[in-house]
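Source file entry_17.tsv; content: TSV, C-alpha atoms.
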```
chain	number	residue	atom	x	y	z
A	289	MET	CA	0.00	0.00	0.00
A	290	ILE	CA	1.23	3.45	-0.85
A	291	ARG	CA	0.59	6.26	1.54
A	292	ILE	CA	1.09	9.96	0.89
A	293	SER	CA	2.43	11.94	3.79
A	294	TYR	CA	4.61	14.84	4.74
A	295	VAL	CA	8.30	14.30	4.35
A	296	SER	CA	9.64	13.09	7.65
A	297	TYR	CA	13.14	14.09	8.46
A	298	ALA	CA	13.46	11.39	11.07
A	299	LYS	CA	14.23	8.59	8.65
A	300	ARG	CA	17.75	9.03	7.49
A	301	ILE	CA	17.42	6.18	5.01
A	302	TRP	CA	14.95	8.30	3.05
A	303	ARG	CA	17.74	10.57	1.97
A	304	GLU	CA	19.09	7.90	-0.35
A	305	ASP	CA	15.64	7.00	-1.64
A	306	PHE	CA	14.93	10.64	-2.18
A	307	GLU	CA	18.12	11.28	-4.10
A	308	GLU	CA	17.60	8.20	-6.24
A	309	LEU	CA	14.08	9.36	-7.00
A	310	LEU	CA	15.00	12.95	-7.81
A	311	ALA	CA	17.75	11.64	-10.09
A	312	GLN	CA	14.95	10.34	-12.32
A	313	LEU	CA	13.84	13.94	-12.78
A	314	THR	CA	16.98	16.03	-13.01
A	315	LYS	CA	20.62	16.23	-12.03
A	316	THR	CA	20.79	15.65	-8.32
A	317	GLY	CA	24.51	16.05	-7.87
A	318	SER	CA	25.94	14.64	-4.71
A	319	ALA	CA	25.42	16.56	-1.53
A	320	SER	CA	27.27	15.42	1.56
A	321	LEU	CA	25.15	14.11	4.40
A	322	GLU	CA	25.91	17.33	6.26
A	323	THR	CA	24.75	19.53	3.36
A	324	TRP	CA	21.64	17.42	2.95
A	325	GLN	CA	20.75	17.63	6.63
A	326	GLU	CA	21.35	21.36	6.63
A	327	ARG	CA	18.98	21.77	3.70
A	328	TYR	CA	16.47	19.56	5.47
A	329	ARG	CA	16.60	21.77	8.53
A	330	PHE	CA	16.35	24.94	6.47
A	331	ARG	CA	13.19	23.71	4.76
A	332	GLN	CA	11.77	22.40	7.98
A	333	GLN	CA	12.35	25.74	9.69
A	334	ASN	CA	10.75	27.47	6.73
A	335	SER	CA	7.49	25.57	6.78
A	336	ALA	CA	5.64	28.71	5.67
A	337	THR	CA	7.58	28.41	2.40
A	338	TYR	CA	8.08	24.67	1.75
A	339	LEU	CA	5.73	21.72	1.78
A	340	THR	CA	7.18	18.46	0.52
A	341	LEU	CA	5.00	15.40	0.18
A	342	VAL	CA	6.26	11.87	-0.25
A	343	ALA	CA	4.54	8.71	-1.37
A	344	VAL	CA	5.86	5.81	0.69
A	345	ASP	CA	5.41	2.17	-0.19
A	346	SER	CA	4.54	0.66	3.17
A	347	THR	CA	5.57	-2.83	2.15
A	348	THR	CA	9.15	-1.76	1.47
A	349	ASP	CA	9.15	1.54	3.42
A	350	ARG	CA	10.66	3.22	0.40
A	351	VAL	CA	9.88	6.65	-1.01
A	352	VAL	CA	8.41	6.11	-4.48
A	353	GLY	CA	7.15	9.60	-5.27
A	354	THR	CA	7.49	13.20	-4.22
A	355	ALA	CA	6.26	16.70	-5.01
A	356	THR	CA	6.97	20.06	-3.43
A	357	LEU	CA	4.99	23.24	-3.00
A	358	LEU	CA	7.05	26.42	-2.71
A	359	ILE	CA	4.91	29.18	-1.22
A	360	GLU	CA	5.74	32.72	-2.31
A	361	HIS	CA	4.59	35.53	-0.04
A	362	LYS	CA	3.83	38.36	-2.42
A	363	PHE	CA	3.07	42.05	-2.15
A	364	THR	CA	0.50	41.76	-4.94
A	365	ARG	CA	-3.07	40.48	-4.48
A	366	GLY	CA	-3.45	42.13	-1.10
A	367	CYS	CA	-0.20	40.50	0.05
A	368	GLY	CA	-1.37	37.10	-1.14
A	369	GLN	CA	0.38	33.78	-1.49
A	370	ALA	CA	1.30	32.13	-4.78
A	371	GLY	CA	2.17	28.45	-4.83
A	372	HIS	CA	4.83	26.98	-7.11
A	373	ILE	CA	4.75	23.24	-7.68
A	374	GLU	CA	8.27	21.86	-8.03
A	375	ASP	CA	10.09	18.57	-8.38
A	376	VAL	CA	7.22	16.21	-9.08
A	377	VAL	CA	8.54	12.72	-9.66
A	378	VAL	CA	7.33	9.14	-9.36
A	379	ASP	CA	9.66	6.17	-9.40
A	380	ALA	CA	9.75	4.48	-12.81
A	381	ALA	CA	8.59	1.18	-11.30
A	382	HIS	CA	5.55	2.85	-9.73
A	383	ARG	CA	4.09	4.82	-12.63
A	384	GLN	CA	0.59	4.29	-14.04
A	385	GLN	CA	-0.75	4.13	-10.48
A	386	HIS	CA	-1.90	7.75	-10.39
A	387	LEU	CA	0.63	8.63	-7.71
A	388	GLY	CA	1.64	11.78	-9.57
A	389	SER	CA	-1.98	12.93	-9.73
A	390	GLN	CA	-2.49	12.20	-6.05
A	391	LEU	CA	0.60	14.15	-5.08
A	392	VAL	CA	-0.31	17.15	-7.23
A	393	ARG	CA	-3.95	17.11	-6.07
A	394	ALA	CA	-2.80	17.00	-2.46
A	395	LEU	CA	-0.55	20.01	-3.06
A	396	LEU	CA	-3.32	21.96	-4.81
A	397	ASP	CA	-5.63	21.22	-1.92
A	398	ARG	CA	-3.14	22.31	0.72
A	399	ALA	CA	-2.10	25.37	-1.31
A	400	GLN	CA	-5.64	26.61	-1.00
A	401	SER	CA	-6.73	25.34	2.39
A	402	ARG	CA	-3.57	25.61	4.43
A	403	TYR	CA	-1.63	28.42	2.76
A	404	GLY	CA	-4.48	30.46	1.30
A	405	CYS	CA	-2.82	30.66	-2.12
A	406	TYR	CA	-4.75	32.58	-4.76
A	407	LYS	CA	-3.01	30.58	-7.49
A	408	VAL	CA	-0.66	27.71	-8.12
A	409	THR	CA	1.71	27.64	-11.07
A	410	LEU	CA	4.28	25.24	-12.40
A	411	HIS	CA	6.60	24.72	-15.34
A	412	CYS	CA	6.50	21.60	-17.43
A	413	THR	CA	7.43	20.20	-20.80
A	414	GLU	CA	4.99	20.17	-23.70
A	415	GLU	CA	4.62	16.40	-23.18
A	416	ASN	CA	3.55	16.80	-19.56
A	417	ALA	CA	1.10	19.67	-20.15
A	418	PRO	CA	-1.90	17.34	-20.75
A	419	PHE	CA	-1.23	15.59	-17.41
A	420	TYR	CA	-1.52	18.89	-15.56
A	421	ALA	CA	-4.44	20.04	-17.71
A	422	LYS	CA	-6.38	16.99	-16.48
A	423	LEU	CA	-5.72	18.17	-12.92
A	424	GLY	CA	-7.31	21.53	-13.68
A	425	LEU	CA	-4.30	23.65	-14.59
A	426	GLU	CA	-4.40	25.78	-17.70
A	427	ARG	CA	-1.72	26.91	-20.09
A	428	LYS	CA	-0.74	30.38	-19.09
A	429	GLY	CA	2.55	31.49	-20.56
A	430	VAL	CA	6.10	30.71	-21.47
A	431	GLN	CA	8.82	29.54	-19.13
A	432	MET	CA	12.17	31.22	-19.77
A	433	ALA	CA	15.34	29.95	-18.13
A	434	HIS	CA	19.00	30.73	-17.80
A	435	TYR	CA	21.51	28.19	-16.52
A	436	PHE	CA	24.74	29.53	-15.05
A	437	GLY	CA	28.15	28.12	-15.80
B	839	MET	CA	18.52	60.23	-12.13
B	840	ILE	CA	17.25	56.74	-11.48
B	841	ARG	CA	19.09	54.52	-9.08
B	842	ILE	CA	18.56	50.82	-8.53
B	843	SER	CA	18.80	49.65	-4.95
B	844	TYR	CA	17.45	47.19	-2.45
B	845	VAL	CA	13.97	47.81	-1.25
B	846	SER	CA	14.10	49.78	1.96
B	847	TYR	CA	11.33	49.21	4.39
B	848	ALA	CA	12.03	52.44	6.21
B	849	LYS	CA	10.12	54.64	3.82
B	850	ARG	CA	6.48	54.20	4.49
B	851	ILE	CA	5.56	56.35	1.50
B	852	TRP	CA	7.02	53.69	-0.75
B	853	ARG	CA	4.21	51.37	0.12
B	854	GLU	CA	1.81	53.51	-1.92
B	855	ASP	CA	4.28	53.89	-4.77
B	856	PHE	CA	4.86	50.20	-4.72
B	857	GLU	CA	1.19	49.29	-4.78
B	858	GLU	CA	0.51	51.76	-7.57
B	859	LEU	CA	3.38	50.27	-9.55
B	860	LEU	CA	2.40	46.65	-8.99
B	861	ALA	CA	-1.16	47.54	-10.02
B	862	GLN	CA	0.25	48.12	-13.51
B	863	LEU	CA	1.25	44.45	-13.56
B	864	THR	CA	-1.52	42.56	-11.84
B	865	LYS	CA	-4.30	42.79	-9.29
B	866	THR	CA	-2.81	44.24	-6.17
B	867	GLY	CA	-5.89	44.17	-3.99
B	868	SER	CA	-5.82	46.35	-0.94
B	869	ALA	CA	-3.80	45.21	2.00
B	870	SER	CA	-4.10	47.13	5.23
B	871	LEU	CA	-1.00	48.95	6.40
B	872	GLU	CA	-0.63	46.31	9.10
B	873	THR	CA	-0.79	43.43	6.61
B	874	TRP	CA	1.67	45.23	4.34
B	875	GLN	CA	4.14	45.82	7.16
B	876	GLU	CA	3.81	42.23	8.30
B	877	ARG	CA	4.63	41.02	4.79
B	878	TYR	CA	7.53	43.43	4.67
B	879	ARG	CA	8.92	42.01	7.88
B	880	PHE	CA	8.40	38.43	6.72
B	881	ARG	CA	10.36	39.05	3.53
B	882	GLN	CA	13.02	41.01	5.36
B	883	GLN	CA	13.47	38.18	7.87
B	884	ASN	CA	13.64	35.72	4.99
B	885	SER	CA	16.46	37.39	3.11
B	886	ALA	CA	17.77	33.98	2.04
B	887	THR	CA	14.56	33.61	0.05
B	888	TYR	CA	13.59	37.11	-1.16
B	889	LEU	CA	15.52	39.84	-2.90
B	890	THR	CA	13.46	42.80	-4.09
B	891	LEU	CA	15.07	45.57	-6.10
B	892	VAL	CA	13.54	48.97	-6.70
B	893	ALA	CA	14.39	51.68	-9.20
B	894	VAL	CA	13.96	55.04	-7.51
B	895	ASP	CA	13.75	58.36	-9.31
B	896	SER	CA	15.97	60.54	-7.16
B	897	THR	CA	14.38	63.77	-8.37
B	898	THR	CA	10.95	62.75	-7.09
B	899	ASP	CA	12.02	60.01	-4.63
B	900	ARG	CA	9.41	57.74	-6.17
B	901	VAL	CA	9.66	54.05	-6.93
B	902	VAL	CA	9.37	53.68	-10.71
B	903	GLY	CA	10.34	50.05	-11.15
B	904	THR	CA	10.74	46.83	-9.24
B	905	ALA	CA	11.68	43.17	-9.67
B	906	THR	CA	11.96	40.30	-7.19
B	907	LEU	CA	14.10	37.21	-6.99
B	908	LEU	CA	12.59	34.31	-5.05
B	909	ILE	CA	15.31	31.86	-4.09
B	910	GLU	CA	14.29	28.22	-3.84
B	911	HIS	CA	16.51	25.95	-1.74
B	912	LYS	CA	16.26	22.61	-3.48
B	913	PHE	CA	17.27	19.04	-2.72
B	914	THR	CA	18.27	18.54	-6.35
B	915	ARG	CA	21.57	19.67	-7.88
B	916	GLY	CA	23.54	18.84	-4.76
B	917	CYS	CA	21.07	20.87	-2.69
B	918	GLY	CA	21.40	23.84	-5.02
B	919	GLN	CA	19.49	27.09	-5.31
B	920	ALA	CA	17.08	27.96	-8.12
B	921	GLY	CA	16.09	31.59	-8.62
B	922	HIS	CA	12.59	32.60	-9.71
B	923	ILE	CA	12.18	36.11	-11.12
B	924	GLU	CA	8.82	37.56	-10.14
B	925	ASP	CA	6.84	40.78	-10.40
B	926	VAL	CA	8.95	42.75	-12.85
B	927	VAL	CA	7.30	46.08	-13.57
B	928	VAL	CA	8.31	49.54	-14.70
B	929	ASP	CA	6.04	52.54	-14.37
B	930	ALA	CA	4.32	53.39	-17.67
B	931	ALA	CA	5.85	56.89	-17.68
B	932	HIS	CA	9.36	55.45	-17.30
B	933	ARG	CA	9.45	52.79	-19.99
B	934	GLN	CA	11.90	52.77	-22.92
B	935	GLN	CA	14.69	53.68	-20.51
B	936	HIS	CA	15.97	50.12	-20.11
B	937	LEU	CA	14.98	50.06	-16.45
B	938	GLY	CA	13.43	46.61	-16.83
B	939	SER	CA	16.65	45.27	-18.36
B	940	GLN	CA	18.72	46.80	-15.59
B	941	LEU	CA	16.53	45.31	-12.90
B	942	VAL	CA	16.54	41.83	-14.45
B	943	ARG	CA	20.30	41.95	-15.13
B	944	ALA	CA	20.91	42.97	-11.52
B	945	LEU	CA	18.81	40.03	-10.31
B	946	LEU	CA	20.59	37.57	-12.62
B	947	ASP	CA	23.91	38.85	-11.36
B	948	ARG	CA	22.94	38.54	-7.70
B	949	ALA	CA	21.28	35.16	-8.25
B	950	GLN	CA	24.66	33.82	-9.30
B	951	SER	CA	27.08	35.80	-7.18
B	952	ARG	CA	25.20	36.17	-3.93
B	953	TYR	CA	22.89	33.17	-3.83
B	954	GLY	CA	24.89	30.68	-5.90
B	955	CYS	CA	21.87	29.79	-8.03
B	956	TYR	CA	22.50	27.19	-10.74
B	957	LYS	CA	19.60	28.59	-12.75
B	958	VAL	CA	17.06	31.38	-12.90
B	959	THR	CA	13.61	30.88	-14.38
B	960	LEU	CA	10.57	33.04	-14.93
B	961	HIS	CA	7.16	32.99	-16.53
B	962	CYS	CA	6.13	35.53	-19.11
B	963	THR	CA	3.69	36.14	-21.90
B	964	GLU	CA	4.56	35.34	-25.52
B	965	GLU	CA	4.91	39.10	-26.13
B	966	ASN	CA	7.51	39.51	-23.40
B	967	ALA	CA	9.59	36.46	-24.35
B	968	PRO	CA	11.84	38.42	-26.77
B	969	PHE	CA	12.65	40.92	-24.00
B	970	TYR	CA	13.95	38.13	-21.76
B	971	ALA	CA	15.64	36.35	-24.67
B	972	LYS	CA	17.76	39.50	-25.20
B	973	LEU	CA	18.84	39.22	-21.57
B	974	GLY	CA	20.11	35.68	-22.15
B	975	LEU	CA	17.14	33.59	-21.08
B	976	GLU	CA	15.94	30.78	-23.31
B	977	ARG	CA	12.53	29.28	-23.87
B	978	LYS	CA	12.31	26.19	-21.77
B	979	GLY	CA	8.80	24.97	-21.25
B	980	VAL	CA	5.17	25.72	-20.61
B	981	GLN	CA	3.74	27.55	-17.64
B	982	MET	CA	0.57	25.97	-16.27
B	983	ALA	CA	-1.57	27.78	-13.72
B	984	HIS	CA	-4.64	27.30	-11.59
B	985	TYR	CA	-6.44	30.20	-9.95
B	986	PHE	CA	-8.56	29.44	-6.92
B	987	GLY	CA	-12.03	30.83	-6.33
```
Just give me the structure as structure tokens.
Amino acid sequence: MIRISYVSYAKRIWREDFEELLAQLTKTGSASLETWQERYRFRQQNSATYLTLVAVDSTTDRVVGTATLLIEHKFTRGCGQAGHIEDVVVDAAHRQQHLGSQLVRALLDRAQSRYGCYKVTLHCTEENAPFYAKLGLERKGVQMAHYFG
Amino acid sequence: MIRISYVSYAKRIWREDFEELLAQLTKTGSASLETWQERYRFRQQNSATYLTLVAVDSTTDRVVGTATLLIEHKFTRGCGQAGHIEDVVVDAAHRQQHLGSQLVRALLDRAQSRYGCYKVTLHCTEENAPFYAKLGLERKGVQMAHYFG
């Protein structure tokens, strides 16, 4: 059974799962355990800004999916909050089980109910746009990016 | 003469300038002075996450442009930082003076040098894409959005 919950920083073993999982999405690089724990703490201390969900397979106790909501505290919209969905990934062996949808739906729900966001946005590839469209997101604009170095 | 500097929370009058300016970009709503000051403090206390620049006309001491960098502290890329450029706006009476370019260039520079970002991304309309392309950003993907309520 797969359960979606908040990332728990108690389980050190999850760090490796998490890195392995994120590597399926992008370059993860290799952070030292110290750097990783520091980042953990930073995000934990900034719970007004970060919400990371994980999908955990209870039979193996492994993290098989994750998605993050970054909450931006704006001056616009009466000093409103805008949510940014980031780093959505499901383990290759666990796709086609709607885990991605569950994670994104859970973030959309919490963006509104817990953080009072007036909107949620995300960037994706053309290929992934229909997945998000099914979840109620609409095409809005262009993503521009610059990579340093 | 127009000078670009960090937003200073000392000048209460800037709140009105700022709201008037942001209203040229999006819905600003009407935050009470208390709400506004609270948001100010939140962003000031979270200087690892927010950098807001303002362009101030020194002859009138009015804010005529602004742009914000939201710094996301990721687990990916060896626990790297990703910059998000948000709320770029120049007062209608001060356009065609390259203030927008200066603000965005200053944010790109600080994203790399101060925050060690490995990338900077932003969302824009099709019409604004060439402006950002000139500043070195490339088209990357689609922006999807959901507005609540």
Compute the set of chain A residues within 6 Å of chain B, using all atoms listed in the file, and express it as an mmCIF file with C-alpha atoms, in the frame of the given file.
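In the end it all went to part.cif:
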```
data_model
loop_
_atom_site.group_PDB
_atom_site.id
_atom_site.type_symbol
_atom_site.label_atom_id
_atom_site.label_comp_id
_atom_site.auth_asym_id
_atom_site.auth_seq_id
_atom_site.Cartn_x
_atom_site.Cartn_y
_atom_site.Cartn_z
ATOM 1 C CA LYS A 315 20.620 16.230 -12.030
ATOM 2 C CA THR A 316 20.790 15.650 -8.320
ATOM 3 C CA GLY A 317 24.510 16.050 -7.870
ATOM 4 C CA SER A 318 25.940 14.640 -4.710
ATOM 5 C CA ALA A 319 25.420 16.560 -1.530
ATOM 6 C CA THR A 364 0.500 41.760 -4.940
ATOM 7 C CA ARG A 365 -3.070 40.480 -4.480
ATOM 8 C CA GLY A 366 -3.450 42.130 -1.100
ATOM 9 C CA TYR A 406 -4.750 32.580 -4.760
ATOM 10 C CA LYS A 407 -3.010 30.580 -7.490
ATOM 11 C CA VAL A 408 -0.660 27.710 -8.120
ATOM 12 C CA THR A 409 1.710 27.640 -11.070
ATOM 13 C CA LEU A 410 4.280 25.240 -12.400
ATOM 14 C CA HIS A 411 6.600 24.720 -15.340
ATOM 15 C CA CYS A 412 6.500 21.600 -17.430
ATOM 16 C CA THR A 413 7.430 20.200 -20.800
ATOM 17 C CA LEU A 425 -4.300 23.650 -14.590
ATOM 18 C CA GLU A 426 -4.400 25.780 -17.700
ATOM 19 C CA ARG A 427 -1.720 26.910 -20.090
ATOM 20 C CA LYS A 428 -0.740 30.380 -19.090
ATOM 21 C CA GLY A 429 2.550 31.490 -20.560
ATOM 22 C CA VAL A 430 6.100 30.710 -21.470
ATOM 23 C CA GLN A 431 8.820 29.540 -19.130
ATOM 24 C CA MET A 432 12.170 31.220 -19.770
ATOM 25 C CA ALA A 433 15.340 29.950 -18.130
ATOM 26 C CA HIS A 434 19.000 30.730 -17.800
ATOM 27 C CA TYR A 435 21.510 28.190 -16.520
ATOM 28 C CA PHE A 436 24.740 29.530 -15.050
#
```
### Message
To one decimal place in Å, what is the distance between atom CA of Phe969 of chain B and atom CA of Val892 of chain B?
### Response
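Going from atom CA of Phe969 of chain B over to atom CA of Val892 of chain B covers 19.1 Å.
The two atoms in question, atom CA of Thr904 of chain B and atom CA of Gln919 of chain B, are spaced 21.9 Å apart.
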## Note on the structure
Taken to one decimal, the atom CA of Leu321 of chain A-atom CA of Leu391 of chain A distance is 26.3 Å
Just add N, CA and C atoms to segment 383-406 of chain A and send it as a CSV table (one decimal), in the coordinates of the input.
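Just written: out_28.csv:
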```
chain,number,residue,atom,x,y,z
A,383,ARG,N,4.9,3.9,-11.8
A,383,ARG,CA,4.1,4.8,-12.6
A,383,ARG,C,2.8,4.1,-13.0
A,384,GLN,N,1.9,4.8,-13.6
A,384,GLN,CA,0.6,4.3,-14.0
A,384,GLN,C,-0.3,3.9,-12.8
A,385,GLN,N,0.1,4.4,-11.7
A,385,GLN,CA,-0.8,4.1,-10.5
A,385,GLN,C,-1.4,5.4,-9.9
A,386,HIS,N,-1.3,6.5,-10.8
A,386,HIS,CA,-1.9,7.8,-10.4
A,386,HIS,C,-1.3,8.4,-9.2
A,387,LEU,N,0.0,8.0,-8.9
A,387,LEU,CA,0.6,8.6,-7.7
A,387,LEU,C,0.9,10.1,-8.0
A,388,GLY,N,1.3,10.4,-9.2
A,388,GLY,CA,1.6,11.8,-9.6
A,388,GLY,C,0.4,12.7,-9.4
A,389,SER,N,-0.7,12.2,-9.9
A,389,SER,CA,-2.0,12.9,-9.7
A,389,SER,C,-2.3,13.1,-8.3
A,390,GLN,N,-2.2,12.1,-7.5
A,390,GLN,CA,-2.5,12.2,-6.0
A,390,GLN,C,-1.6,13.2,-5.4
A,391,LEU,N,-0.3,13.2,-5.7
A,391,LEU,CA,0.6,14.2,-5.1
A,391,LEU,C,0.2,15.6,-5.5
A,392,VAL,N,0.0,15.8,-6.8
A,392,VAL,CA,-0.3,17.2,-7.2
A,392,VAL,C,-1.6,17.6,-6.7
A,393,ARG,N,-2.6,16.7,-6.6
A,393,ARG,CA,-4.0,17.1,-6.1
A,393,ARG,C,-3.8,17.5,-4.6
A,394,ALA,N,-3.0,16.7,-3.9
A,394,ALA,CA,-2.8,17.0,-2.5
A,394,ALA,C,-2.1,18.4,-2.3
A,395,LEU,N,-1.2,18.7,-3.2
A,395,LEU,CA,-0.6,20.0,-3.1
A,395,LEU,C,-1.5,21.1,-3.4
A,396,LEU,N,-2.3,20.9,-4.4
A,396,LEU,CA,-3.3,22.0,-4.8
A,396,LEU,C,-4.3,22.2,-3.7
A,397,ASP,N,-4.7,21.1,-3.0
A,397,ASP,CA,-5.6,21.2,-1.9
A,397,ASP,C,-5.0,22.0,-0.8
A,398,ARG,N,-3.8,21.6,-0.4
A,398,ARG,CA,-3.1,22.3,0.7
A,398,ARG,C,-2.8,23.7,0.4
A,399,ALA,N,-2.4,24.0,-0.9
A,399,ALA,CA,-2.1,25.4,-1.3
A,399,ALA,C,-3.3,26.3,-1.0
A,400,GLN,N,-4.5,25.8,-1.3
A,400,GLN,CA,-5.6,26.6,-1.0
A,400,GLN,C,-6.0,26.6,0.5
A,401,SER,N,-6.2,25.4,1.0
A,401,SER,CA,-6.7,25.3,2.4
A,401,SER,C,-5.8,25.7,3.5
A,402,ARG,N,-4.5,25.3,3.3
A,402,ARG,CA,-3.6,25.6,4.4
A,402,ARG,C,-2.8,26.9,4.3
A,403,TYR,N,-2.5,27.2,3.0
A,403,TYR,CA,-1.6,28.4,2.8
A,403,TYR,C,-2.4,29.6,2.2
A,404,GLY,N,-3.7,29.4,1.8
A,404,GLY,CA,-4.5,30.5,1.3
A,404,GLY,C,-4.0,31.0,0.0
A,405,CYS,N,-3.3,30.2,-0.8
A,405,CYS,CA,-2.8,30.7,-2.1
A,405,CYS,C,-4.0,31.1,-3.0
A,406,TYR,N,-3.7,32.2,-3.8
A,406,TYR,CA,-4.8,32.6,-4.8
A,406,TYR,C,-4.5,31.9,-6.1
```
